[in-house]
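The structure under discussion appears below in the form of structure tokens.
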Amino acid sequence: MHDTAPETDAASWMAALAGALDRIDIDAALALFGEDCYWRDFVAFSWNVKTFEGKAAIRDFLAATLPGTEPSAWKVTRADRKPSGMVEAWFTFETKTGRGEGIFRLEGGKGRTILTTLTELKGFEEPIGARRPKGVRHGADRSRETWTEKRAREEAELGAGVQPYCLVIGGGQGGIMIGARLKMLGVPTIIVEKNPKAGDSWRNRYRSLVLHDPVWYDHLPYMPFPENWPIFTPKDKMGDWLEFYVNAMELTYWGSTEAQKAVYDPEAKRWTVELIRDGMKVTLHPAQLVFATGAYGPPKRLSLAGAEDFGGELIHSSEYSEAAKYAGKRAVVIGAASSAHDVAVDLWEAGVDVTMVQRSPTTVVRSQTLTDFAFDIYSQEAADSGLSVDKADLLAMATPFALQPAAQRALYDKIRAYDAEFYAKLAATGFLLDFGEDETGLMMKAYRTGSGYYVDVGASQLIIDGEIKVKSGVAIEGLTPTGIRFADGTEIDADVIIQSTGFQSMHEVVARIVNRDIADRIGTCWGLGSGTRGDPGPWHGEPRNMYKPTVQEALWFQGGNLALQRYFSKFLALQIKARMEGIPTPVHGAPL
């Protein structure tokens, strides 16, 4: 039984922390935390995206950042006591340069975790809500410039007489979201995309593609999907929304444009970027360069012995668009994660004989089960209760990655028990199932490697029914003129072989456009350094190189799923805006 209200406990703890930080009494601040403690900071103190684990790391973090940050105006806005006795409190605060919000959690009266996030820069607040632009200057004016005329002039000037402060390479959802954040902060930005129109990266995918995450998880910044939007978004509808979003947010978007080469001048603090736009060479000189070239990087292709002798078609899933031309033929899909399943279903629907070659186990979760069990804060019920997507994002980020495996293991224990019959039937086909090396399931695989999982929206039943055949656990020996041969001596005939073998790290795009040396110094993007397969250590605690400074000055990465890009685009944009305005941004925990 607890003697005090959670609001009282939270306010008392916050007041003690605020006093200690104001005095720069780090010992007093640390005394408020338990031994197993975590401080997750998104730009507010560190000008970085970092988690500081344990008192020693928090001590170094506070000692380095407090003198220049000057935090103040700490205020608890909400507090709840969970059934475990833990107190969870939401709060706001200010720093010398901005305003922020966060969540802390107390166990036994001591701080277990705290999240601090920068939400806006003082003097450079976004023109939203009460600060929205008027949109018109009333009165008669012979020199009036209408909205259409002003927009046309700005579009003509940016990239010609006026250089962008930021250039975003990649105009899919990631590039569009960071472009929208920068637009709202008044940062002159051009987004370049090799496809002709915004949304084409979705339209060009295979016909049956539908988002696997529910709508409440996938909103874009500033403009949530309408109330009648389907729970799972079809790919062409998503493409149309992105094109509409670009126009509504008034983004400068150059389609049919490809970056060829980028060189940074450390003295001038500017990039020279050579582009081909509509077949013409264009050179820009942005101060900041953001790579938003997809969730990951270039396609990862297998080197298959005998490929030159294969008489059929051999492609990567990124090159696959539609199945009609393969109707009545035989297809082999190499891979057993999301794209492989989706491609296999698309082929089956067109009347293709499909075999999936599974080289390693896959984590599979039924879509409805995942929605019911794992998206409680991103749901209609949550929205109806007043939990906005922004609040849900903050709540989701309040748990450091180091503490997520235990919760994910518990979640997948429930999921496996709930869908035990489904998993038994799937395993009986020979399909290899796993839930990660440490049984933490789909989400941790997504953060660690971005691969090895499938949210089931229909393919698994086709596998169970034998409609999609599976060849698993046997190494591929090579290709033959008529198909594919395995180490056990068996062969499968094929007219087309589709490699759904994933993608390389985004730093490989940097190698092509900037240079190999800089790309190698930056290193792999994504992953936590968990030490599991495909995610080598050391431990990073946050996705490598994403949304934060890299070893290359003025070069950034934006990527991930829709939800992560929505949330972290805010922090990337704030970092870029601060640099544009000359606000000091001493980065704590900068990459080596």
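Each chain in the structure tokens gets a letter, A, B and so on, in the order shown; residues start at 1 in every chain, and ligands are counted from 1 in the order they appear.
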
> Using the chain letters and numbers from this document, which residues of range 115-214 of chain A does DSSP assign to strand (DSSP E or B), as a PyMOL selection string?
Replying inline: chain A and resi 115-121+158+162+166-169+189-192+210

> Residues of range 397-446 of chain A in alpha helix (DSSP H) according to DSSP, as a count of residues only?
Replying inline: 31

> Which residue out of A:Thr65, A:Thr440, A:Ser569, A:Thr117 has the minimum interatomic distance to Lys548 in chain A when only C-alpha atoms are used?
Replying inline: A:Ser569

>> Counting only C-alpha atoms, which residue out of A:Asp265, A:Gly279, A:Pro400, A:Lys300 sits closest to Arg105 in chain A?
In response: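 For Arg105 in chain A, the nearest of the candidates is A:Pro400.
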
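Counting only C-alpha atoms, range 384-393 of chain A has the following residues at most 7 Å away, ignoring those fewer than 6 positions along the same chain: Ile377, Tyr378 and Tyr567 of chain A.
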
Export, as a PDB file, in the first residue's frame, the selected residues with all heavy atoms.
ATOM      1  N   ILE A 377      -0.902   1.340 -27.523  1.00  0.00           N
ATOM      2  CA  ILE A 377      -0.843   2.809 -27.472  1.00  0.00           C
ATOM      3  C   ILE A 377      -1.019   3.438 -28.852  1.00  0.00           C
ATOM      4  O   ILE A 377      -1.144   4.659 -28.969  1.00  0.00           O
ATOM      5  CB  ILE A 377       0.447   3.317 -26.802  1.00  0.00           C
ATOM      6  CG1 ILE A 377       1.690   2.925 -27.607  1.00  0.00           C
ATOM      7  CG2 ILE A 377       0.536   2.806 -25.367  1.00  0.00           C
ATOM      8  CD1 ILE A 377       2.977   3.547 -27.072  1.00  0.00           C
ATOM      9  N   TYR A 378      -1.000   2.613 -29.894  1.00  0.00           N
ATOM     10  CA  TYR A 378      -1.284   3.084 -31.248  1.00  0.00           C
ATOM     11  C   TYR A 378      -2.522   2.325 -31.729  1.00  0.00           C
ATOM     12  O   TYR A 378      -2.424   1.322 -32.445  1.00  0.00           O
ATOM     13  CB  TYR A 378      -0.102   2.812 -32.186  1.00  0.00           C
ATOM     14  CG  TYR A 378       1.162   3.547 -31.831  1.00  0.00           C
ATOM     15  CD1 TYR A 378       2.188   2.910 -31.137  1.00  0.00           C
ATOM     16  CD2 TYR A 378       1.338   4.884 -32.190  1.00  0.00           C
ATOM     17  CE1 TYR A 378       3.361   3.583 -30.819  1.00  0.00           C
ATOM     18  CE2 TYR A 378       2.511   5.571 -31.869  1.00  0.00           C
ATOM     19  CZ  TYR A 378       3.515   4.907 -31.185  1.00  0.00           C
ATOM     20  OH  TYR A 378       4.678   5.571 -30.864  1.00  0.00           O
ATOM     21  N   TYR A 567       8.913  10.485 -35.807  1.00  0.00           N
ATOM     22  CA  TYR A 567       9.352  10.977 -34.505  1.00  0.00           C
ATOM     23  C   TYR A 567      10.747  11.591 -34.564  1.00  0.00           C
ATOM     24  O   TYR A 567      10.954  12.734 -34.143  1.00  0.00           O
ATOM     25  CB  TYR A 567       9.329   9.829 -33.493  1.00  0.00           C
ATOM     26  CG  TYR A 567       9.623  10.271 -32.076  1.00  0.00           C
ATOM     27  CD1 TYR A 567       8.772  11.145 -31.417  1.00  0.00           C
ATOM     28  CD2 TYR A 567      10.748   9.815 -31.409  1.00  0.00           C
ATOM     29  CE1 TYR A 567       9.031  11.552 -30.118  1.00  0.00           C
ATOM     30  CE2 TYR A 567      11.022  10.213 -30.108  1.00  0.00           C
ATOM     31  CZ  TYR A 567      10.153  11.075 -29.465  1.00  0.00           C
ATOM     32  OH  TYR A 567      10.419  11.484 -28.180  1.00  0.00           O
TER      33      TYR A 567
END

>> Which residue is closest to Asp80 in chain A? Choose from A:Glu421, A:Asp9, A:Asp465, A:Asp27 and count only C-alpha atoms.
In response: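 Closest candidate: A:Asp9.
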
>> Residues near Met86 in chain A, anyone? I mean within 12 Å using only C-alpha atoms, not counting same-chain ones fewer than 6 positions away, as number ranges by chain.
In response: A: 2, 5-6, 9-10, 79-80, 104-113

What does the file look like for those residues with all heavy atoms, as a short mmCIF file (atom, residue, chain, number, x, y, z; two decimals), in the first residue's frame?
data_model
loop_
_atom_site.label_atom_id
_atom_site.label_comp_id
_atom_site.auth_asym_id
_atom_site.auth_seq_id
_atom_site.Cartn_x
_atom_site.Cartn_y
_atom_site.Cartn_z
N HIS A 2 0.51 2.25 -0.78
CA HIS A 2 1.31 3.46 -0.89
C HIS A 2 0.64 4.58 -0.10
O HIS A 2 -0.56 4.81 -0.18
CB HIS A 2 1.45 3.85 -2.36
CG HIS A 2 2.06 2.75 -3.20
ND1 HIS A 2 3.40 2.50 -3.20
CD2 HIS A 2 1.49 1.83 -4.02
CE1 HIS A 2 3.66 1.48 -4.02
NE2 HIS A 2 2.51 1.06 -4.52
N ALA A 5 0.22 10.07 -2.89
CA ALA A 5 -0.28 10.03 -4.26
C ALA A 5 0.91 10.05 -5.23
O ALA A 5 1.97 10.62 -4.92
CB ALA A 5 -1.19 11.23 -4.51
N PRO A 6 0.76 9.45 -6.42
CA PRO A 6 1.87 9.46 -7.38
C PRO A 6 2.27 10.87 -7.78
O PRO A 6 3.46 11.13 -8.01
CB PRO A 6 1.31 8.67 -8.57
CG PRO A 6 -0.17 8.67 -8.41
CD PRO A 6 -0.40 8.71 -6.93
N ASP A 9 4.69 12.09 -5.10
CA ASP A 9 6.00 11.45 -5.21
C ASP A 9 6.77 11.99 -6.41
O ASP A 9 7.97 12.27 -6.33
CB ASP A 9 5.83 9.94 -5.36
CG ASP A 9 5.35 9.28 -4.07
OD1 ASP A 9 5.45 9.92 -3.01
OD2 ASP A 9 4.89 8.13 -4.15
N ALA A 10 6.06 12.13 -7.54
CA ALA A 10 6.73 12.61 -8.76
C ALA A 10 7.20 14.05 -8.60
O ALA A 10 8.32 14.39 -8.98
CB ALA A 10 5.77 12.49 -9.94
N ALA A 79 1.07 12.21 -13.53
CA ALA A 79 1.74 11.10 -12.86
C ALA A 79 0.76 9.98 -12.58
O ALA A 79 -0.41 10.23 -12.24
CB ALA A 79 2.40 11.57 -11.56
N ASP A 80 1.22 8.75 -12.74
CA ASP A 80 0.39 7.57 -12.49
C ASP A 80 1.22 6.54 -11.74
O ASP A 80 2.44 6.46 -11.91
CB ASP A 80 -0.09 6.95 -13.81
CG ASP A 80 -0.88 7.93 -14.66
OD1 ASP A 80 -1.99 8.28 -14.25
OD2 ASP A 80 -0.37 8.34 -15.72
N PHE A 104 9.73 10.32 -16.71
CA PHE A 104 10.62 9.57 -15.83
C PHE A 104 9.82 8.52 -15.09
O PHE A 104 8.60 8.63 -14.93
CB PHE A 104 11.40 10.48 -14.87
CG PHE A 104 10.56 11.22 -13.85
CD1 PHE A 104 10.11 10.61 -12.68
CD2 PHE A 104 10.26 12.57 -14.04
CE1 PHE A 104 9.35 11.29 -11.75
CE2 PHE A 104 9.51 13.27 -13.10
CZ PHE A 104 9.06 12.63 -11.95
N ARG A 105 10.53 7.49 -14.64
CA ARG A 105 9.91 6.38 -13.92
C ARG A 105 10.68 6.12 -12.64
O ARG A 105 11.92 6.07 -12.65
CB ARG A 105 9.86 5.13 -14.80
CG ARG A 105 8.87 5.27 -15.96
CD ARG A 105 9.01 4.17 -16.98
NE ARG A 105 7.99 4.31 -18.03
CZ ARG A 105 8.12 3.89 -19.26
NH1 ARG A 105 9.24 3.30 -19.64
NH2 ARG A 105 7.14 4.06 -20.15
N LEU A 106 9.92 5.98 -11.54
CA LEU A 106 10.51 5.76 -10.22
C LEU A 106 10.17 4.35 -9.75
O LEU A 106 9.03 3.91 -9.86
CB LEU A 106 9.97 6.77 -9.21
CG LEU A 106 10.06 8.26 -9.56
CD1 LEU A 106 9.44 9.09 -8.45
CD2 LEU A 106 11.50 8.66 -9.82
N GLU A 107 11.17 3.68 -9.22
CA GLU A 107 10.97 2.39 -8.57
C GLU A 107 11.54 2.46 -7.17
O GLU A 107 12.73 2.78 -7.00
CB GLU A 107 11.65 1.26 -9.37
CG GLU A 107 11.00 1.01 -10.73
CD GLU A 107 11.63 -0.17 -11.47
OE1 GLU A 107 12.64 -0.71 -10.97
OE2 GLU A 107 11.11 -0.54 -12.53
N GLY A 108 10.69 2.22 -6.18
CA GLY A 108 11.14 2.35 -4.80
C GLY A 108 11.58 3.76 -4.46
O GLY A 108 12.46 3.96 -3.61
N GLY A 109 10.97 4.73 -5.12
CA GLY A 109 11.30 6.13 -4.86
C GLY A 109 12.54 6.63 -5.57
O GLY A 109 12.87 7.82 -5.50
N LYS A 110 13.24 5.75 -6.29
CA LYS A 110 14.46 6.13 -7.00
C LYS A 110 14.22 6.13 -8.51
O LYS A 110 13.40 5.37 -9.04
CB LYS A 110 15.59 5.13 -6.69
CG LYS A 110 16.02 5.11 -5.22
CD LYS A 110 16.89 6.31 -4.90
CE LYS A 110 17.50 6.18 -3.51
NZ LYS A 110 18.42 7.30 -3.20
N GLY A 111 14.96 6.97 -9.20
CA GLY A 111 14.83 7.05 -10.64
C GLY A 111 15.38 5.81 -11.32
O GLY A 111 16.54 5.44 -11.09
N ARG A 112 14.56 5.18 -12.15
CA ARG A 112 15.03 4.04 -12.95
C ARG A 112 15.37 4.51 -14.35
O ARG A 112 16.42 4.18 -14.89
CB ARG A 112 13.94 2.96 -13.01
CG ARG A 112 14.36 1.72 -13.83
CD ARG A 112 15.33 0.87 -13.05
NE ARG A 112 15.98 -0.16 -13.85
CZ ARG A 112 15.42 -1.30 -14.25
NH1 ARG A 112 14.15 -1.56 -13.96
NH2 ARG A 112 16.13 -2.18 -14.94
N THR A 113 14.47 5.29 -14.95
CA THR A 113 14.70 5.81 -16.30
C THR A 113 14.20 7.25 -16.37
O THR A 113 13.26 7.63 -15.68
CB THR A 113 13.97 4.99 -17.38
OG1 THR A 113 12.56 5.16 -17.23
CG2 THR A 113 14.33 3.52 -17.30
#

> Which distance in Å separates CA of Lys577 in chain A and CA of Arg99 in chain A, to one decimal?
Replying inline: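 So the two atoms, CA of Lys577 in chain A and CA of Arg99 in chain A, lie 14.6 Å apart.
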